[in-house]
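Engineer: Supplied in structure tokens, the structure appears directly below.
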Amino acid sequence: MSDTASSGIGMGTTLAPAWLQRVTPAARFVLQGGPSALAAAARALGIPDADAPGRCSGEGTTLTLIWLGPDERLLIAWLEDAASLGARLEAALAGQAHSLVDVTQRQVGLRLAAAFAADLLNCGCPLDLDPARFPVGSGTRTLFNKTDIVLWRRGVDDFHIEVWRSFEDYLVRWMAEAAQDFAPQR
Amino acid sequence: MLLIRCPHCGERPEPEFAYGGEAHIARPADPAAVSDDDWAAYLYLRTNAKGVHAERWRHTRGCGRFFNALRDTTTDRFIATYKSGEKRPEGLR
Ligand SMILES: [Zn+2]
């Protein structure tokens, strides 16, 4: 399920910080639709809709649903493959106006777990990451320097980052550079 | 950090947002019936207000939605933000 960020697409081993791991879910979808389509999808998934800004659902299951916008969700499936999940959702959404896009290969997942995780993120992300403002279980689309990310807080010092594949190298290098302020021994 | 209140997400940092030009400019319903001068005015002429300005913003790196804002162009202070489709709030300075 997980390999280090240094394996794969040509990143040098010097950029293989132990606190940053590549994590690879089985499938990802972006779903757009009105309230009834989103409710139908949530019913089919067997989890509550992530129906408010910053909200995530699916805790304790093999799915993670993240609110991206009033009519937009990111679905991460940790076990079920895209073909099976897509078919299940399409069946549930039949007859409803919606857009369901398989983005499994578009982005990669990085798990940032370190005591300095929030401070490191704030080197490039302007979001207020105080646990009172962005509590454990929150998720949102935001920014890390020049690249869009989706940030999901799994624990106080434990974040999951979704980034478009071609920006991964940029993100990882930037973080490795910034991390020298926090973990010079790496 | 300048915080902008997205009508959907609440207060968020300015780098997540993109400016979208003056608000409340309606495209003529029947473009073929509009004179060249009026069409050019629709396309290009803007208020260029010194002071309170109604303008579009997009929470590009957040919820992705467009919304409207009243902003004072001399101080860069955001006076109000409101959802697309809602009327410009009255009496705010
Ligand atoms: Zn927003």
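Residues in the structure tokens are named by chain (A, B, ... in the order shown) and by number from 1 within that chain; ligands are numbered from 1 in the order shown.
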List as a Markdown table every residue of chain A that is in contact with ligand 1, defined as an atom at most 10 Å from one of its atoms (using only C-alpha atoms and all ligand atoms), together with the nearest atom pair and the distance in Å rounded to one decimal, sorted by chain and then rising number.
Structural biologist:
| residue | atom | partner | partner_atom_place_in_ligand_line | distance |
| --- | --- | --- | --- | --- |
| A:Pro53 | CA | ligand 1 | 1 (Zn) | 7.9 |
| A:Gly54 | CA | ligand 1 | 1 (Zn) | 9.9 |
| A:Leu68 | CA | ligand 1 | 1 (Zn) | 8.7 |
| A:Gly69 | CA | ligand 1 | 1 (Zn) | 6.9 |
| A:Pro70 | CA | ligand 1 | 1 (Zn) | 8.6 |
| A:Thr140 | CA | ligand 1 | 1 (Zn) | 9.6 |
| A:Arg141 | CA | ligand 1 | 1 (Zn) | 9.3 |
| A:Thr142 | CA | ligand 1 | 1 (Zn) | 9.9 |
Engineer: For C-alpha atoms, I'd like the residues from the last selection saved as a PDB file, in the first residue's frame.
Structural biologist:
ATOM      1  CA  PRO A  53     -16.799  23.131   4.314  1.00  0.00           C
ATOM      2  CA  GLY A  54     -13.760  21.332   5.661  1.00  0.00           C
ATOM      3  CA  LEU A  68     -14.205  20.340  -1.958  1.00  0.00           C
ATOM      4  CA  GLY A  69     -17.040  22.748  -2.718  1.00  0.00           C
ATOM      5  CA  PRO A  70     -20.804  23.134  -2.221  1.00  0.00           C
ATOM      6  CA  THR A 140      -9.892  21.057   2.054  1.00  0.00           C
ATOM      7  CA  ARG A 141      -8.414  22.091  -1.236  1.00  0.00           C
ATOM      8  CA  THR A 142      -5.730  24.696  -0.668  1.00  0.00           C
TER       9      THR A 142
END
Engineer: Distance cut-off 12 Å, counting only C-alpha atoms - which residues of chain A neighbour chain B? Return them as a PyMOL selection string.
Structural biologist: chain A and resi 32+51-55+66-74+122+124-129+133-134+139-151
Engineer: Using only C-alpha atoms, find the one residue out of A:Ala117, A:Ala18, A:Ala39, A:Leu75 that sits nearest to A:Cys56.
Structural biologist: A:Leu75
Engineer: Would you mind listing what lies within 9 Å of A:Val156 as a ChimeraX atom specification, with only C-alpha atoms counted and same-chain residues fewer than 6 positions away left out?
Structural biologist: /A:115,117-118,131,135-136
Engineer: Could the residues in this selection be written to a file with all heavy atoms, as a tab-separated table (two decimals), in the first residue's frame?
Structural biologist:
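Below you can see result14.tsv, which holds the result:
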chain	number	residue	atom	x	y	z
A	115	ALA	N	6.42	15.69	14.05
A	115	ALA	CA	6.05	16.67	15.07
A	115	ALA	C	5.98	18.08	14.48
A	115	ALA	O	5.23	18.92	14.95
A	115	ALA	CB	7.06	16.62	16.22
A	117	ALA	N	5.00	18.80	11.41
A	117	ALA	CA	4.22	18.72	10.16
A	117	ALA	C	3.47	20.02	9.85
A	117	ALA	O	3.53	20.53	8.72
A	117	ALA	CB	3.25	17.55	10.23
A	118	ALA	N	2.76	20.57	10.83
A	118	ALA	CA	1.96	21.77	10.57
A	118	ALA	C	2.87	22.96	10.25
A	118	ALA	O	2.58	23.74	9.33
A	118	ALA	CB	1.06	22.08	11.76
A	131	PRO	N	-4.92	23.55	15.45
A	131	PRO	CA	-5.92	22.47	15.57
A	131	PRO	C	-7.32	22.97	15.94
A	131	PRO	O	-8.31	22.29	15.67
A	131	PRO	CB	-5.35	21.58	16.67
A	131	PRO	CG	-3.88	21.86	16.67
A	131	PRO	CD	-3.74	23.30	16.28
A	135	PRO	N	-9.27	21.31	12.66
A	135	PRO	CA	-9.13	20.17	13.58
A	135	PRO	C	-8.87	18.85	12.86
A	135	PRO	O	-9.04	18.74	11.64
A	135	PRO	CB	-10.49	20.13	14.29
A	135	PRO	CG	-11.39	21.05	13.57
A	135	PRO	CD	-10.61	21.89	12.63
A	136	VAL	N	-8.46	17.87	13.64
A	136	VAL	CA	-8.27	16.51	13.12
A	136	VAL	C	-9.58	16.08	12.44
A	136	VAL	O	-10.66	16.29	12.98
A	136	VAL	CB	-7.91	15.55	14.27
A	136	VAL	CG1	-7.88	14.11	13.78
A	136	VAL	CG2	-6.57	15.95	14.89
Engineer: Would you pick out the contacts of A:Phe182 at 12 Å or less, using only C-alpha atoms, so that residues sharing its chain but fewer than 6 positions from it are not included, and give the list as a list in words?
Structural biologist: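 Contacts, in chain order: Trp19, Ala114, Ala115, Phe116, Ala117, Ala118, Asp119, Leu120, Leu121, Cys123, Met175 and Ala176 of chain A.
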Engineer: Please dump the current selection as a CSV table (one decimal), in the first residue's frame; keep C-alpha atoms.
Structural biologist:
chain,number,residue,atom,x,y,z
A,19,TRP,CA,8.4,11.7,7.5
A,114,ALA,CA,6.1,14.5,12.0
A,115,ALA,CA,6.1,16.7,15.1
A,116,PHE,CA,6.8,19.7,12.8
A,117,ALA,CA,4.2,18.7,10.2
A,118,ALA,CA,2.0,21.8,10.6
A,119,ASP,CA,4.9,24.2,10.7
A,120,LEU,CA,6.4,22.6,7.6
A,121,LEU,CA,3.1,22.9,5.7
A,123,CYS,CA,6.1,27.2,4.9
A,175,MET,CA,9.3,20.3,1.6
A,176,ALA,CA,12.7,18.6,1.9
Engineer: Considering only C-alpha atoms, state which residue in the set A:Ala37, A:Val163, A:Ala42, A:Arg173 is at the smallest distance from A:Val103.
Structural biologist: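 Checking each candidate against A:Val103, we get A:Val163 as the closest.
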Engineer: As a list in words, please: the residues near A:Gly46 (cut-off 12 Å, only C-alpha atoms, same-chain neighbours under 5 positions excluded).
Structural biologist: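 My reading of the contact set: Ala39, Ala40, Ala41, Ser57, Gly58, Glu59, Gly60, Thr61, Thr62, Leu63, Thr64, Leu65, Arg88, Leu89 and Ala92 of chain A.
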Engineer: With C-alpha atoms retained, write the just-selected residues as an mmCIF file, in the first residue's frame.
Structural biologist:
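What landed in selection02.cif:
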data_model
loop_
_atom_site.group_PDB
_atom_site.id
_atom_site.type_symbol
_atom_site.label_atom_id
_atom_site.label_comp_id
_atom_site.auth_asym_id
_atom_site.auth_seq_id
_atom_site.Cartn_x
_atom_site.Cartn_y
_atom_site.Cartn_z
ATOM 1 C CA ALA A 39 -27.004 12.191 -1.005
ATOM 2 C CA ALA A 40 -27.553 9.283 -3.392
ATOM 3 C CA ALA A 41 -23.804 8.781 -3.719
ATOM 4 C CA SER A 57 -16.549 11.465 6.215
ATOM 5 C CA GLY A 58 -15.889 7.752 6.071
ATOM 6 C CA GLU A 59 -13.842 7.473 9.252
ATOM 7 C CA GLY A 60 -13.528 3.842 10.266
ATOM 8 C CA THR A 61 -14.307 2.627 6.737
ATOM 9 C CA THR A 62 -12.107 2.059 3.692
ATOM 10 C CA LEU A 63 -13.432 5.249 2.075
ATOM 11 C CA THR A 64 -12.600 8.904 2.607
ATOM 12 C CA LEU A 65 -14.975 11.571 1.308
ATOM 13 C CA ARG A 88 -21.586 1.183 -8.175
ATOM 14 C CA LEU A 89 -21.775 4.972 -8.121
ATOM 15 C CA ALA A 92 -26.783 4.919 -7.770
#
Engineer: In Å, rounded to a single decimal, give me how far atom CA of B:Arg58 is from atom CA of B:Glu22.
Structural biologist: 12.2 Å
Engineer: To one decimal place in Å, what is the distance between atom CA of A:Val101 and atom CA of A:Leu31?
Structural biologist: 6.5 Å
Engineer: Select from chain B everything DSSP, run on the backbone, classes as helix (DSSP H, G or I), then give the selection as a PyMOL selection string.
Structural biologist: chain B and resi 14-16+31-33+36-44
Engineer: So that I can see what lies close to B:Asn48, please list as a compact mmCIF listing (two decimals) with C-alpha atoms, in the first residue's frame the residues with an atom at most 12 Å from it, counting only C-alpha atoms and leaving out residues fewer than 2 positions away in the same chain.
Structural biologist:
# COMPACT_ATOMS: atom_id res chain seq x y z
CA GLY B 21 -13.25 41.85 -12.41
CA GLU B 22 -16.24 44.10 -11.77
CA ALA B 23 -19.44 42.43 -10.55
CA TYR B 44 -14.56 47.02 -22.01
CA LEU B 45 -15.92 49.95 -20.02
CA ARG B 46 -15.68 49.55 -16.26
CA LYS B 50 -12.03 55.06 -6.17
CA GLY B 51 -13.62 53.75 -3.00
CA VAL B 52 -16.27 51.05 -2.65
CA HIS B 53 -16.27 48.68 -5.63
CA ALA B 54 -18.45 45.63 -6.27
CA GLU B 55 -16.29 42.94 -7.81
CA ASP B 72 -12.61 49.72 -0.85
CA THR B 73 -10.06 50.22 -3.61
CA THR B 74 -8.21 52.91 -1.65
Engineer: Based on DSSP run over this structure's backbone, return all residues of stretch 77-173 of chain A in strand (DSSP E or B), as an MDAnalysis selection string.
Structural biologist: chainID A and resid 77 98:102 107:113 139:144 147:155 158:164
Engineer: In Å to one decimal, how far is atom CA of A:Leu38 from atom CA of A:Ile76?
Structural biologist: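 Result for atom CA of A:Ile76 versus atom CA of A:Leu38: 15.0 Å, one decimal.
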Engineer: Do a neighbour search on stretch 86-91 of chain B at 9 Å with only C-alpha atoms, toss out local chain neighbours closer than 5 positions, and write the hits as a list in words.
Structural biologist: His24, Ala54, Asn68, Ala69, Leu70, Ala80 and Thr81 of chain B
Engineer: Filtering to N, CA, C and O atoms, could you give me those residues as a short mmCIF file (atom, residue, chain, number, x, y, z; two decimals), in the first residue's frame?
Structural biologist:
data_model
loop_
_atom_site.label_atom_id
_atom_site.label_comp_id
_atom_site.auth_asym_id
_atom_site.auth_seq_id
_atom_site.Cartn_x
_atom_site.Cartn_y
_atom_site.Cartn_z
N HIS B 24 -21.71 42.30 -11.27
CA HIS B 24 -23.04 42.78 -11.69
C HIS B 24 -23.04 43.36 -13.10
O HIS B 24 -23.76 44.31 -13.39
N ALA B 54 -17.89 46.99 -6.28
CA ALA B 54 -18.45 45.63 -6.27
C ALA B 54 -17.71 44.82 -7.32
O ALA B 54 -17.66 45.19 -8.49
N ASN B 68 -19.19 37.45 -4.96
CA ASN B 68 -19.01 38.90 -5.12
C ASN B 68 -18.52 39.51 -3.81
O ASN B 68 -18.77 38.98 -2.73
N ALA B 69 -17.83 40.64 -3.96
CA ALA B 69 -17.31 41.34 -2.78
C ALA B 69 -17.47 42.83 -2.97
O ALA B 69 -17.42 43.34 -4.09
N LEU B 70 -17.68 43.53 -1.85
CA LEU B 70 -17.53 44.98 -1.83
C LEU B 70 -16.17 45.26 -1.20
O LEU B 70 -15.91 44.83 -0.07
N ALA B 80 -17.71 43.60 2.51
CA ALA B 80 -18.69 42.51 2.56
C ALA B 80 -18.40 41.54 1.42
O ALA B 80 -17.84 41.92 0.39
N THR B 81 -18.77 40.28 1.63
CA THR B 81 -18.76 39.31 0.53
C THR B 81 -20.13 38.64 0.51
O THR B 81 -20.78 38.53 1.54
#
Engineer: Point out the residue among B:Thr47, B:Arg27, B:Phe66, B:Tyr82 with the least atom-to-atom distance to B:Pro7, counting only C-alpha atoms.
Structural biologist: B:Tyr82
